[in-house]
Amino acid sequence: MTADEISTIKEMPNNDYFVSGHGACPGCGVAIAVNNIMRILGSDTTVYVPASCLIVFSALYPTSAFRTPLLFTAFENTGAVITGIKAAQRRRGIEGTVVGIAGDGGTFDIGLQALSGAAERQEDVLYICVDNEAYMNTGIQRSGSTPFGAWTTTTPVGKVTQGKRQMKKDVMDLVIAHDPEYAATLSIAHYNDFIRKVEKAKHKSGFRFLHVLTPCVPGWRTEASKSVEIAKLAVETGMWTLFEYEEGEARSTYKPHTMRPVTEYLHMQGRFRHMDNDDLNTLQRWLCAKWYYHYGHDVEQPACAIYNGEKELHFDGDPLHGV
Amino acid sequence: MAAQTLAEAAILGGHHAQAFPYFGAERRGAPVRAFTRIDDKRISIRSQIYEPDMVVILDETLLEIDPVVDGLRSNGSAVVNTRKAPSELDIGVSVRCATVDATSVAIEALKAPVVNTAMLGAVAKVLDLVTLENIQKAIADRFGEKLGPRAAEANVLAAQLAYDGTKEGRCLGARSIVQRRMWLPEWDEVPTGVALEPEHIEGVAVGPGSSIQNMTGTWRTSSPKYDREKCIRCLRCWFTCPDVCIKRLEDDHVKVDYRYCKGCGICADVCPVDAIDMVKGVHEW
Ligand SMILES: Cc1ncc(C[n+]2csc(CCOP(=O)(O)OP(=O)(O)O)c2C)c(N)n1
Ligand code: SF4
Ligand code: SF4
Ligand code: SF4
């Protein structure tokens, strides 16, 4: 974190629209993200949250942690419900931001078709995915977002398999395929970048999508105090990349100075602790390809073959949306 | 504690009983409620009690601020800690009443205005389901185990003195029962795209921002200690606290709201100058 990144925290309004007394686990990344999103979106906001940790901890019956209207229906329909809220408000002459905040299960998997529908219709709504990389509310089941190798209750670690076998789905690419008004990835450890992107999304009209990596203490098997540090390491290792898409183009908004070995990120989390060298190499190789996809040759990637003396990887050709 | 001791006394008398506190996170310093359910058969129901046969009010001033007698049946009864006689007391429903000056009794017997055991003595007087003897035995068991024989003796005495001083009669039902500030709107009364201001959410039990009544600070096992001298006012802690309990002051110094701090330690972890230190245990500075 460099000094200039934090300068705009000061410019944030000191007015909370997501308040204390919610029931999230100590150190919850979702709570950090939502708190600051709401500070920036401000009062003229209507929030929709589908079934997820967020609805459970922010709406402990009969209370609400949102100072704005908060709606909740089912799990799979965020894109459809925010479309409907916006339509009703338009009809009644109400202005303001309609935001849907869904988990990764609610976005990558069960909510994908409603998301795609809203994006394709270019609805004037803000869709935010708070990505804790599993179905946490129901007790840590794998989702399309769970990274390769990660333990969940449905990708157990045993003799037959060791954690999830598939790579994380790239939901940003799916969203970008709809040519939305704005789409961006956010990290709770890159404050300035986070604030700027939420602000941008707030002031645009049309379909906007924000994707935030939100570390989860029980699901990732981490220490509560490390949620922000882990989010930062995700970016430094390439497990998370910060970019935005607007006017038909994707652009990196933050480039690490160098690619750190993925093990630095994995070792802070119990969900990866069982991974063997083969799996680590598989993940590292995949990350190197992804790194290249995002940054091209702009940022060095010395970490690409560090296990078992594997051959050095070299990526060439045109990066897809590296700058 | 009193609800549990009452249940134990009932069990000593051969009944089935259960006792439990109000379900829900209550504001610190808010009125506490607890329930006892007594039956001759095994009790399978686990809900809170909404229509009690008896209400025991440990603090008379609650009648002004809380709907304590809400749901009390007209053939029910009330036991109230007050200096008044039943006929002078207005609790909002006219029912069989027992009054006792439990505060004076507690100060005499315990040298402290802790009235629960005295109130149990008064309950023994009006409630056929428990005898004073069993109440005293239950008190002795509970306090003897926790606080030693002298405390047990003093509390047994408090029950005795209260039992002797209890006046029975019928109280008045003229006042209207106060209702808690509650907001249970119809769907079309929910303001769209409008937020309530902080001053409006204070005291609201339901609705936007009402989670502030949940004192999550009780979860914490370590506490952040803030050193104002070291702080460079970067506000990283304010940004990253998941529980919104780092309060940002006018000059961008910060203050921890310990009522909600869960002790996660993120603020200390992100602080670039170590101005926040996590200290084991529940503290406030
Ligand atoms: C149709 C349907 N299936 C299953 C559920 C049960 N359910 C509620 S929340 C949840 C998991 C949510 O996971 P995610 O969207 O990743 O959010 P998180 O809790 O991880 O923040 C599930 C499976 C449901 N509510 N509706
Ligand atoms: S399980 Fe994870 S996402 Fe859910 S409240 Fe806890 S830390 Fe937050
Ligand atoms: S310890 Fe956690 S909950 Fe408490 S003030 Fe610090 S960041 Fe907030
Ligand atoms: S992070 Fe540290 S220096 Fe920054 S405002 Fe908080 S206490 Fe002060």
# chains A, B, ... in the order shown; residues from 1 in each chain; ligands from 1
>>> residues_around(residues="range 173-189 of chain A", least_positions_apart="2", cutoff="6 Å", atoms="only C-alpha atoms", output="PyMOL selection string")
chain A and resi 120+170-171+191+194+206-213+228+231-232+242-246
>>> write_last_selection(atoms="N, CA and C atoms", output="compact mmCIF listing (two decimals), in the first residue's frame")
# COMPACT_ATOMS: atom_id res chain seq x y z
N GLU A 120 -27.81 -8.00 -20.40
CA GLU A 120 -28.13 -7.97 -21.82
C GLU A 120 -29.17 -6.89 -22.14
N ASP A 170 -14.23 -17.41 -14.63
CA ASP A 170 -13.98 -15.98 -14.83
C ASP A 170 -15.29 -15.26 -15.13
N VAL A 171 -15.96 -14.85 -14.06
CA VAL A 171 -17.27 -14.25 -14.24
C VAL A 171 -17.17 -12.86 -14.87
N TYR A 191 -7.62 0.69 -1.23
CA TYR A 191 -8.68 1.61 -0.82
C TYR A 191 -9.04 2.62 -1.90
N PHE A 194 -10.67 1.09 -4.85
CA PHE A 194 -12.00 0.67 -4.44
C PHE A 194 -12.97 1.86 -4.47
N GLY A 206 -26.96 2.76 -16.66
CA GLY A 206 -26.81 1.58 -17.48
C GLY A 206 -26.38 0.43 -16.59
N PHE A 207 -26.08 -0.70 -17.17
CA PHE A 207 -25.73 -1.86 -16.35
C PHE A 207 -24.29 -1.76 -15.84
N ARG A 208 -24.15 -1.80 -14.52
CA ARG A 208 -22.83 -1.70 -13.91
C ARG A 208 -22.59 -2.91 -13.03
N PHE A 209 -21.40 -3.41 -13.08
CA PHE A 209 -21.07 -4.63 -12.33
C PHE A 209 -19.78 -4.42 -11.57
N LEU A 210 -19.81 -4.67 -10.25
CA LEU A 210 -18.59 -4.60 -9.45
C LEU A 210 -18.35 -5.96 -8.81
N HIS A 211 -17.12 -6.39 -8.84
CA HIS A 211 -16.76 -7.71 -8.32
C HIS A 211 -15.70 -7.52 -7.25
N VAL A 212 -16.06 -7.80 -6.00
CA VAL A 212 -15.14 -7.55 -4.88
C VAL A 212 -14.69 -8.88 -4.28
N LEU A 213 -13.39 -9.02 -4.09
CA LEU A 213 -12.90 -10.20 -3.37
C LEU A 213 -13.05 -9.94 -1.87
N VAL A 228 -7.65 -8.23 5.45
CA VAL A 228 -7.22 -7.19 4.50
C VAL A 228 -5.87 -7.56 3.90
N ALA A 231 -6.35 -10.09 1.21
CA ALA A 231 -6.89 -9.48 -0.01
C ALA A 231 -5.78 -8.80 -0.79
N LYS A 232 -4.84 -8.22 -0.07
CA LYS A 232 -3.72 -7.53 -0.71
C LYS A 232 -2.80 -8.54 -1.40
N LEU A 242 -6.81 -6.33 -10.59
CA LEU A 242 -7.63 -5.12 -10.50
C LEU A 242 -7.71 -4.46 -11.87
N PHE A 243 -8.90 -4.44 -12.43
CA PHE A 243 -9.08 -3.78 -13.71
C PHE A 243 -10.50 -3.26 -13.84
N GLU A 244 -10.73 -2.48 -14.86
CA GLU A 244 -12.08 -2.00 -15.11
C GLU A 244 -12.36 -2.03 -16.61
N TYR A 245 -13.61 -2.12 -16.93
CA TYR A 245 -14.04 -2.18 -18.32
C TYR A 245 -15.03 -1.06 -18.56
N GLU A 246 -14.73 -0.23 -19.51
CA GLU A 246 -15.72 0.78 -19.93
C GLU A 246 -15.48 1.15 -21.38
>>> residues_near_ligand(ligand="ligand 1", cutoff="6 Å", atoms="only C-alpha atoms and all ligand atoms", output="PDB file with N, CA and C atoms, in the first residue's frame")
ATOM      1  N   ALA A  51     -30.502 -14.485  -0.855  1.00  0.00           N
ATOM      2  CA  ALA A  51     -30.035 -15.410   0.184  1.00  0.00           C
ATOM      3  C   ALA A  51     -28.516 -15.475   0.137  1.00  0.00           C
ATOM      4  N   SER A  52     -27.892 -15.238   1.277  1.00  0.00           N
ATOM      5  CA  SER A  52     -26.427 -15.242   1.382  1.00  0.00           C
ATOM      6  C   SER A  52     -26.063 -14.874   2.804  1.00  0.00           C
ATOM      7  N   CYS A  53     -24.777 -14.957   3.113  1.00  0.00           N
ATOM      8  CA  CYS A  53     -24.327 -14.487   4.423  1.00  0.00           C
ATOM      9  C   CYS A  53     -24.803 -13.062   4.680  1.00  0.00           C
ATOM     10  N   LEU A  54     -24.655 -12.210   3.666  1.00  0.00           N
ATOM     11  CA  LEU A  54     -24.958 -10.792   3.881  1.00  0.00           C
ATOM     12  C   LEU A  54     -26.383 -10.565   4.370  1.00  0.00           C
ATOM     13  N   ALA A  74     -35.468 -14.281  -3.028  1.00  0.00           N
ATOM     14  CA  ALA A  74     -34.868 -15.607  -3.079  1.00  0.00           C
ATOM     15  C   ALA A  74     -33.408 -15.534  -3.512  1.00  0.00           C
ATOM     16  N   PHE A  75     -32.867 -16.669  -3.861  1.00  0.00           N
ATOM     17  CA  PHE A  75     -31.426 -16.805  -4.044  1.00  0.00           C
ATOM     18  C   PHE A  75     -30.974 -16.472  -5.471  1.00  0.00           C
ATOM     19  N   ALA A 102     -24.902  -9.566  -4.218  1.00  0.00           N
ATOM     20  CA  ALA A 102     -25.058 -11.019  -4.139  1.00  0.00           C
ATOM     21  C   ALA A 102     -23.722 -11.686  -3.873  1.00  0.00           C
ATOM     22  N   GLY A 103     -23.773 -12.892  -3.325  1.00  0.00           N
ATOM     23  CA  GLY A 103     -22.555 -13.668  -3.110  1.00  0.00           C
ATOM     24  C   GLY A 103     -22.076 -14.288  -4.408  1.00  0.00           C
ATOM     25  N   ASP A 104     -21.009 -15.063  -4.315  1.00  0.00           N
ATOM     26  CA  ASP A 104     -20.485 -15.677  -5.531  1.00  0.00           C
ATOM     27  C   ASP A 104     -21.405 -16.800  -6.001  1.00  0.00           C
ATOM     28  N   GLY A 105     -22.000 -17.549  -5.085  1.00  0.00           N
ATOM     29  CA  GLY A 105     -22.964 -18.569  -5.486  1.00  0.00           C
ATOM     30  C   GLY A 105     -24.129 -17.921  -6.212  1.00  0.00           C
ATOM     31  N   GLY A 106     -24.605 -16.817  -5.650  1.00  0.00           N
ATOM     32  CA  GLY A 106     -25.742 -16.095  -6.200  1.00  0.00           C
ATOM     33  C   GLY A 106     -25.429 -15.389  -7.507  1.00  0.00           C
ATOM     34  N   ASN A 132     -16.758 -14.463  -1.777  1.00  0.00           N
ATOM     35  CA  ASN A 132     -15.980 -15.161  -0.745  1.00  0.00           C
ATOM     36  C   ASN A 132     -15.658 -16.594  -1.180  1.00  0.00           C
ATOM     37  N   ALA A 134     -17.118 -19.318  -2.050  1.00  0.00           N
ATOM     38  CA  ALA A 134     -17.866 -20.538  -1.718  1.00  0.00           C
ATOM     39  C   ALA A 134     -19.247 -20.135  -1.209  1.00  0.00           C
ATOM     40  N   TYR A 135     -20.115 -21.118  -1.042  1.00  0.00           N
ATOM     41  CA  TYR A 135     -21.428 -20.865  -0.441  1.00  0.00           C
ATOM     42  C   TYR A 135     -21.220 -20.873   1.069  1.00  0.00           C
ATOM     43  N   MET A 136     -20.965 -19.704   1.632  1.00  0.00           N
ATOM     44  CA  MET A 136     -20.597 -19.639   3.042  1.00  0.00           C
ATOM     45  C   MET A 136     -21.814 -19.728   3.961  1.00  0.00           C
ATOM     46  N   ASN A 137     -22.914 -19.097   3.546  1.00  0.00           N
ATOM     47  CA  ASN A 137     -24.067 -19.046   4.435  1.00  0.00           C
ATOM     48  C   ASN A 137     -24.571 -20.424   4.820  1.00  0.00           C
ATOM     49  N   THR A 138     -24.451 -21.366   3.918  1.00  0.00           N
ATOM     50  CA  THR A 138     -24.951 -22.709   4.206  1.00  0.00           C
ATOM     51  C   THR A 138     -23.834 -23.647   4.651  1.00  0.00           C
TER      52      THR A 138
END
>>> atom_distance(atom1="CA of Pro272 in chain B", atom2="CA of Cys234 in chain B")
8.5 Å
>>> residues_near_ligand(ligand="ligand 4", cutoff="7 Å", atoms="only C-alpha atoms and all ligand atoms", output="list in words")
Tyr226, Lys230, Cys231, Ile232, Arg233, Cys234, Leu235, Arg236, Cys237, Trp238, His253, Val254, Cys267, Val270, Cys271, Pro272, Val273, Asp274, Ala275 and Ile276 of chain B
>>> closest_atom_pairs(of="chain A", to="ligand 2", cutoff="7 Å", atoms="only C-alpha atoms and all ligand atoms", output="tab-separated table")
residue	atom	partner	partner_atom_place_in_ligand_line	distance
A:Ala24	CA	ligand 2	5 (S)	4.0
A:Cys25	CA	ligand 2	6 (Fe)	4.2
A:Pro26	CA	ligand 2	7 (S)	6.8
A:Gly27	CA	ligand 2	7 (S)	6.3
A:Cys28	CA	ligand 2	7 (S)	3.8
A:Gly29	CA	ligand 2	8 (Fe)	6.0
A:Val30	CA	ligand 2	8 (Fe)	5.5
A:Ala31	CA	ligand 2	8 (Fe)	6.7
A:Cys53	CA	ligand 2	4 (Fe)	4.5
A:Leu54	CA	ligand 2	5 (S)	6.8
A:Phe57	CA	ligand 2	5 (S)	6.5
A:Asn132	CA	ligand 2	3 (S)	6.1
A:Met136	CA	ligand 2	1 (S)	5.0
A:Asn137	CA	ligand 2	4 (Fe)	5.7
A:Cys216	CA	ligand 2	2 (Fe)	3.8
A:Val217	CA	ligand 2	7 (S)	4.7
A:Pro218	CA	ligand 2	1 (S)	5.7
A:Gly219	CA	ligand 2	2 (Fe)	5.8
>>> write_last_selection(atoms="N, CA and C atoms", output="PDB file, in the first residue's frame")
ATOM      1  N   ALA A  24     -22.113 -10.386  11.386  1.00  0.00           N
ATOM      2  CA  ALA A  24     -21.051 -11.061  10.626  1.00  0.00           C
ATOM      3  C   ALA A  24     -19.967 -11.568  11.561  1.00  0.00           C
ATOM      4  N   CYS A  25     -19.252 -12.604  11.117  1.00  0.00           N
ATOM      5  CA  CYS A  25     -18.115 -13.103  11.879  1.00  0.00           C
ATOM      6  C   CYS A  25     -17.107 -11.967  12.078  1.00  0.00           C
ATOM      7  N   PRO A  26     -16.370 -11.986  13.187  1.00  0.00           N
ATOM      8  CA  PRO A  26     -15.296 -11.009  13.328  1.00  0.00           C
ATOM      9  C   PRO A  26     -14.330 -11.128  12.141  1.00  0.00           C
ATOM     10  N   GLY A  27     -14.001 -10.003  11.538  1.00  0.00           N
ATOM     11  CA  GLY A  27     -13.054 -10.006  10.423  1.00  0.00           C
ATOM     12  C   GLY A  27     -13.670 -10.267   9.061  1.00  0.00           C
ATOM     13  N   CYS A  28     -14.980 -10.219   8.943  1.00  0.00           N
ATOM     14  CA  CYS A  28     -15.673 -10.551   7.690  1.00  0.00           C
ATOM     15  C   CYS A  28     -15.360  -9.557   6.560  1.00  0.00           C
ATOM     16  N   GLY A  29     -14.868 -10.069   5.460  1.00  0.00           N
ATOM     17  CA  GLY A  29     -14.543  -9.228   4.311  1.00  0.00           C
ATOM     18  C   GLY A  29     -15.777  -8.641   3.642  1.00  0.00           C
ATOM     19  N   VAL A  30     -16.866  -9.386   3.654  1.00  0.00           N
ATOM     20  CA  VAL A  30     -18.109  -8.887   3.052  1.00  0.00           C
ATOM     21  C   VAL A  30     -18.556  -7.620   3.786  1.00  0.00           C
ATOM     22  N   ALA A  31     -18.472  -7.636   5.107  1.00  0.00           N
ATOM     23  CA  ALA A  31     -18.909  -6.479   5.894  1.00  0.00           C
ATOM     24  C   ALA A  31     -18.040  -5.260   5.585  1.00  0.00           C
ATOM     25  N   CYS A  53     -24.777 -14.957   3.113  1.00  0.00           N
ATOM     26  CA  CYS A  53     -24.327 -14.487   4.423  1.00  0.00           C
ATOM     27  C   CYS A  53     -24.803 -13.062   4.680  1.00  0.00           C
ATOM     28  N   LEU A  54     -24.655 -12.210   3.666  1.00  0.00           N
ATOM     29  CA  LEU A  54     -24.958 -10.792   3.881  1.00  0.00           C
ATOM     30  C   LEU A  54     -26.383 -10.565   4.370  1.00  0.00           C
ATOM     31  N   PHE A  57     -26.598 -11.818   8.066  1.00  0.00           N
ATOM     32  CA  PHE A  57     -25.977 -11.050   9.150  1.00  0.00           C
ATOM     33  C   PHE A  57     -26.424  -9.595   9.197  1.00  0.00           C
ATOM     34  N   ASN A 132     -16.758 -14.463  -1.777  1.00  0.00           N
ATOM     35  CA  ASN A 132     -15.980 -15.161  -0.745  1.00  0.00           C
ATOM     36  C   ASN A 132     -15.658 -16.594  -1.180  1.00  0.00           C
ATOM     37  N   MET A 136     -20.965 -19.704   1.632  1.00  0.00           N
ATOM     38  CA  MET A 136     -20.597 -19.639   3.042  1.00  0.00           C
ATOM     39  C   MET A 136     -21.814 -19.728   3.961  1.00  0.00           C
ATOM     40  N   ASN A 137     -22.914 -19.097   3.546  1.00  0.00           N
ATOM     41  CA  ASN A 137     -24.067 -19.046   4.435  1.00  0.00           C
ATOM     42  C   ASN A 137     -24.571 -20.424   4.820  1.00  0.00           C
ATOM     43  N   CYS A 216     -13.044 -14.558   3.801  1.00  0.00           N
ATOM     44  CA  CYS A 216     -14.014 -15.105   4.749  1.00  0.00           C
ATOM     45  C   CYS A 216     -13.274 -15.949   5.784  1.00  0.00           C
ATOM     46  N   VAL A 217     -13.379 -15.548   7.036  1.00  0.00           N
ATOM     47  CA  VAL A 217     -12.555 -16.141   8.092  1.00  0.00           C
ATOM     48  C   VAL A 217     -12.822 -17.642   8.298  1.00  0.00           C
ATOM     49  N   PRO A 218     -14.051 -18.067   8.530  1.00  0.00           N
ATOM     50  CA  PRO A 218     -14.256 -19.509   8.723  1.00  0.00           C
ATOM     51  C   PRO A 218     -14.140 -20.316   7.434  1.00  0.00           C
ATOM     52  N   GLY A 219     -14.520 -19.727   6.303  1.00  0.00           N
ATOM     53  CA  GLY A 219     -14.519 -20.462   5.047  1.00  0.00           C
ATOM     54  C   GLY A 219     -13.128 -20.630   4.458  1.00  0.00           C
TER      55      GLY A 219
END
>>> residues_near_ligand(ligand="ligand 3", cutoff="8 Å", atoms="only C-alpha atoms and all ligand atoms", output="CSV table (one decimal) with N, CA and C atoms, in the first residue's frame")
chain,number,residue,atom,x,y,z
A,26,PRO,N,-16.4,-12.0,13.2
A,26,PRO,CA,-15.3,-11.0,13.3
A,26,PRO,C,-14.3,-11.1,12.1
A,27,GLY,N,-14.0,-10.0,11.5
A,27,GLY,CA,-13.1,-10.0,10.4
A,27,GLY,C,-13.7,-10.3,9.1
A,225,SER,N,-7.8,-11.2,11.9
A,225,SER,CA,-7.1,-9.9,11.7
A,225,SER,C,-6.4,-9.8,10.3
B,222,SER,N,-10.5,-9.9,22.6
B,222,SER,CA,-9.4,-9.0,22.8
B,222,SER,C,-9.8,-7.6,22.3
B,223,SER,N,-9.2,-6.6,22.7
B,223,SER,CA,-9.7,-5.3,22.5
B,223,SER,C,-8.6,-4.3,22.0
B,224,PRO,N,-9.0,-3.5,21.0
B,224,PRO,CA,-8.0,-2.6,20.4
B,224,PRO,C,-7.8,-1.4,21.3
B,237,CYS,N,-8.0,2.3,9.4
B,237,CYS,CA,-8.7,1.5,10.4
B,237,CYS,C,-10.2,1.8,10.2
B,238,TRP,N,-10.5,3.0,10.0
B,238,TRP,CA,-11.9,3.4,9.8
B,238,TRP,C,-12.5,2.7,8.6
B,240,THR,N,-11.4,-0.1,7.2
B,240,THR,CA,-11.4,-1.6,7.2
B,240,THR,C,-12.1,-2.3,8.3
B,241,CYS,N,-12.6,-1.5,9.3
B,241,CYS,CA,-13.3,-2.2,10.4
B,241,CYS,C,-14.6,-2.8,9.9
B,242,PRO,N,-14.8,-4.1,10.0
B,242,PRO,CA,-16.0,-4.7,9.5
B,242,PRO,C,-17.2,-4.4,10.3
B,243,ASP,N,-17.0,-3.9,11.5
B,243,ASP,CA,-18.2,-3.7,12.4
B,243,ASP,C,-18.5,-2.2,12.6
B,244,VAL,N,-17.9,-1.4,11.7
B,244,VAL,CA,-18.3,0.0,11.6
B,244,VAL,C,-18.2,0.7,13.0
B,245,CYS,N,-17.2,0.2,13.8
B,245,CYS,CA,-17.1,0.7,15.2
B,245,CYS,C,-15.9,1.5,15.4
B,246,ILE,N,-15.1,1.8,14.4
B,246,ILE,CA,-14.1,2.8,14.5
B,246,ILE,C,-14.8,4.1,14.0
B,256,VAL,N,-12.8,4.2,19.2
B,256,VAL,CA,-13.4,2.9,19.0
B,256,VAL,C,-14.7,2.8,19.8
B,257,ASP,N,-15.8,2.4,19.1
B,257,ASP,CA,-17.0,2.2,19.8
B,257,ASP,C,-17.1,0.8,20.3
B,258,TYR,N,-16.7,0.6,21.6
B,258,TYR,CA,-16.6,-0.7,22.2
B,258,TYR,C,-17.9,-1.5,22.3
B,260,TYR,N,-19.7,-2.3,20.0
B,260,TYR,CA,-19.9,-3.2,18.9
B,260,TYR,C,-18.6,-3.9,18.5
B,261,CYS,N,-17.5,-3.5,19.0
B,261,CYS,CA,-16.2,-4.1,18.5
B,261,CYS,C,-16.1,-5.6,18.8
B,262,LYS,N,-15.9,-6.4,17.8
B,262,LYS,CA,-15.8,-7.8,18.0
B,262,LYS,C,-14.3,-8.3,18.2
B,263,GLY,N,-13.4,-7.3,18.2
B,263,GLY,CA,-12.0,-7.7,18.5
B,263,GLY,C,-11.3,-8.5,17.4
B,264,CYS,N,-11.7,-8.2,16.2
B,264,CYS,CA,-11.1,-9.0,15.1
B,264,CYS,C,-9.6,-8.6,14.9
B,265,GLY,N,-9.2,-7.4,15.2
B,265,GLY,CA,-7.8,-7.0,15.1
B,265,GLY,C,-7.4,-6.5,13.8
B,266,ILE,N,-8.3,-6.3,12.8
B,266,ILE,CA,-8.0,-5.8,11.5
B,266,ILE,C,-7.4,-4.4,11.6
B,267,CYS,N,-8.0,-3.6,12.5
B,267,CYS,CA,-7.6,-2.2,12.6
B,267,CYS,C,-6.1,-2.1,13.0
B,268,ALA,N,-5.7,-3.0,14.0
B,268,ALA,CA,-4.3,-3.0,14.4
B,268,ALA,C,-3.4,-3.5,13.3
B,278,MET,N,-3.6,-4.6,20.0
B,278,MET,CA,-4.7,-5.5,20.5
B,278,MET,C,-4.3,-6.1,21.9
>>> atom_distance(atom1="CA of Glu60 in chain B", atom2="CA of His15 in chain B")
29.7 Å
>>> select_by_dssp(residues="range 182-320 of chain A", states="strand (DSSP E)", output="ChimeraX atom specification")
/A:182-187,208-213,243-246,249-252
>>> write_last_selection(atoms="N, CA, C and O atoms", output="tab-separated table (two decimals), in the first residue's frame")
chain	number	residue	atom	x	y	z
A	182	TYR	N	-20.33	-0.42	-17.35
A	182	TYR	CA	-19.12	-0.39	-16.52
A	182	TYR	C	-18.99	-1.71	-15.78
A	182	TYR	O	-19.98	-2.27	-15.30
A	183	ALA	N	-17.78	-2.22	-15.70
A	183	ALA	CA	-17.52	-3.41	-14.89
A	183	ALA	C	-16.14	-3.27	-14.29
A	183	ALA	O	-15.23	-2.76	-14.96
A	184	ALA	N	-15.98	-3.67	-13.04
A	184	ALA	CA	-14.66	-3.53	-12.42
A	184	ALA	C	-14.48	-4.54	-11.31
A	184	ALA	O	-15.45	-5.02	-10.71
A	185	THR	N	-13.21	-4.89	-11.07
A	185	THR	CA	-12.88	-5.74	-9.92
A	185	THR	C	-12.32	-4.85	-8.82
A	185	THR	O	-11.60	-3.89	-9.09
A	186	LEU	N	-12.64	-5.20	-7.56
A	186	LEU	CA	-12.24	-4.37	-6.43
A	186	LEU	C	-11.57	-5.22	-5.36
A	186	LEU	O	-11.86	-6.42	-5.24
A	187	SER	N	-10.70	-4.58	-4.60
A	187	SER	CA	-10.09	-5.26	-3.46
A	187	SER	C	-10.27	-4.39	-2.23
A	187	SER	O	-10.10	-3.17	-2.31
A	208	ARG	N	-24.15	-1.80	-14.52
A	208	ARG	CA	-22.83	-1.70	-13.91
A	208	ARG	C	-22.59	-2.91	-13.03
A	208	ARG	O	-23.50	-3.35	-12.31
A	209	PHE	N	-21.40	-3.41	-13.08
A	209	PHE	CA	-21.07	-4.63	-12.33
A	209	PHE	C	-19.78	-4.42	-11.57
A	209	PHE	O	-18.76	-4.04	-12.14
A	210	LEU	N	-19.81	-4.67	-10.25
A	210	LEU	CA	-18.59	-4.60	-9.45
A	210	LEU	C	-18.35	-5.96	-8.81
A	210	LEU	O	-19.28	-6.60	-8.30
A	211	HIS	N	-17.12	-6.39	-8.84
A	211	HIS	CA	-16.76	-7.71	-8.32
A	211	HIS	C	-15.70	-7.52	-7.25
A	211	HIS	O	-14.59	-7.09	-7.54
A	212	VAL	N	-16.06	-7.80	-6.00
A	212	VAL	CA	-15.14	-7.55	-4.88
A	212	VAL	C	-14.69	-8.88	-4.28
A	212	VAL	O	-15.52	-9.74	-3.97
A	213	LEU	N	-13.39	-9.02	-4.09
A	213	LEU	CA	-12.90	-10.20	-3.37
A	213	LEU	C	-13.05	-9.94	-1.87
A	213	LEU	O	-12.54	-8.96	-1.35
A	243	PHE	N	-8.90	-4.44	-12.43
A	243	PHE	CA	-9.08	-3.78	-13.71
A	243	PHE	C	-10.50	-3.26	-13.84
A	243	PHE	O	-11.36	-3.54	-13.00
A	244	GLU	N	-10.73	-2.48	-14.86
A	244	GLU	CA	-12.08	-2.00	-15.11
A	244	GLU	C	-12.36	-2.03	-16.61
A	244	GLU	O	-11.45	-2.02	-17.42
A	245	TYR	N	-13.61	-2.12	-16.93
A	245	TYR	CA	-14.04	-2.18	-18.32
A	245	TYR	C	-15.03	-1.06	-18.56
A	245	TYR	O	-16.02	-0.92	-17.84
A	246	GLU	N	-14.73	-0.23	-19.51
A	246	GLU	CA	-15.72	0.78	-19.93
A	246	GLU	C	-15.48	1.15	-21.38
A	246	GLU	O	-14.37	1.05	-21.87
A	249	GLU	N	-13.49	-1.26	-23.54
A	249	GLU	CA	-12.11	-1.61	-23.28
A	249	GLU	C	-11.85	-1.93	-21.82
A	249	GLU	O	-12.38	-1.27	-20.93
A	250	ALA	N	-10.98	-2.95	-21.63
A	250	ALA	CA	-10.56	-3.27	-20.27
A	250	ALA	C	-9.19	-2.66	-20.02
A	250	ALA	O	-8.36	-2.58	-20.92
A	251	ARG	N	-9.00	-2.22	-18.78
A	251	ARG	CA	-7.76	-1.51	-18.44
A	251	ARG	C	-7.36	-1.89	-17.01
A	251	ARG	O	-8.19	-1.87	-16.11
A	252	SER	N	-6.10	-2.26	-16.85
A	252	SER	CA	-5.61	-2.54	-15.49
A	252	SER	C	-5.62	-1.25	-14.70
A	252	SER	O	-5.22	-0.21	-15.22
>>> interface_residues(of="chain A", to="chain B", cutoff="6 Å", atoms="only C-alpha atoms", output="list in words")
Ser20, Gly21, His22, Pro26, Gly27, Ala31, Ile32, Ser43, Asp44, Thr45, Thr46, Pro62, Thr63, Ser64, Ala65, Phe66, Arg67, Thr68, Ala224 and Ser225 of chain A
>>> residues_around(residues="Ile40 in chain A", least_positions_apart="6", cutoff="7 Å", atoms="only C-alpha atoms", output="ChimeraX atom specification")
/A:12,198-199
>>> atom_distance(atom1="CA of Val235 in chain A", atom2="CA of Gln269 in chain A")
15.2 Å
